[in-house]
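J.: The structure that follows is given in the form of structure tokens.
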Amino acid sequence: MRRFSYGMGALANRPRFLVVDHNCDSRFLLVKCLLRKFPDAAIDETDDGDLAIELVRHADITAVISHRTTEQLGVELVAAFRAVNPAIPIVMVSGIDRTPPAIAAGADRFLLSDEWLRLGTVVEELLHKRAQAAAPH
């Protein structure tokens with residue numbers, strides 16, 4: 001079980017992201033991309049699906065970016081995240097286009113691994129959309 005955290009200072013309104021991937025190089029790229037768009041973010045990363053599910057269940061996570069773990073496929077993880085937290089924004093990432101099953105499992109967006117540079121913008125759009133939906137009209 002591995003968990004790495006970056007930027008864990010005490011700023012009240014900063015986002016906290018969870019990045020889940022069995023490949024440490026892929027996680028590194030995803031984390032770096034998020035930090036470019038959200039330099040003050042706290043980022044937890046893990047290759048352990050059970051730990052990731054517990055973090056989504058109990059921690060104050062702003063959004064999840066998930067590929068897969070050694071034991072669980074991405075679509076399975078997305079479904080588990082959605083089951084424990086129906087409101088959390090989820091972006092599923094994979095090298096193969098799995099958009100329909102990812103969305104059916106509960107992902108808000110799917111992103112091909114080759115498009116990793118777009119991750120920060122995609123997450124920003126999801127968070128903006130959620131904020132607009134939650135704002136009083």
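Ligands are numbered from 1 in the order shown, residues from 1 within each chain, and chains are lettered A, B, ... in the order they appear in the structure tokens.
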For range 96-100 of chain A, find every residue with an atom within 8 Å (counting only C-alpha atoms), except residues of its own chain fewer than 6 positions away, and show them as a list in words.
T.: Arg109, Phe110, Leu111, Leu112 and Ser113 of chain A
J.: Determine, counting only C-alpha atoms, which protein, DNA and RNA residues have an atom within 12 Å of an atom of Leu35 in chain A; residues of the same chain fewer than 2 positions away are not included. Present the result as a PyMOL selection string.
T.: chain A and resi 6-7+14-17+19+28-33+37-44+117+119-121+123-124
J.: DSSP on the backbone, alpha helix (DSSP H) only: what residues of chain A does that give? Format it as an NGL selection string.
T.: :A and (24-37 or 49-58 or 74-84 or 99-105 or 119-134)
J.: In Å, rounded to a single decimal, give me how far CA of Leu34 in chain A is from CA of Thr69 in chain A.
T.: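 About the pair CA of Thr69 in chain A and CA of Leu34 in chain A: they are 19.7 Å apart.
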J.: Using only C-alpha atoms, determine which residues lie at most 12 Å from Ala59 in chain A, disregarding the query and same-chain residues fewer than 4 positions distant; provide the list as number ranges by chain.
T.: A: 16-18, 43-44, 51-55, 63-64, 84-85, 88
J.: Taking the DSSP secondary structure from the backbone, can you list the residues of range 64-122 of chain A that are strand (DSSP E), as an MDAnalysis selection string?
T.: chainID A and resid 64:66 90:94 109:112
J.: What's the 6 Å shell around Ile65 in chain A, counting only C-alpha atoms, without same-chain residues fewer than 3 positions away, as JSON, numbers by chain?
T.: {"A": [19, 90, 91, 92]}
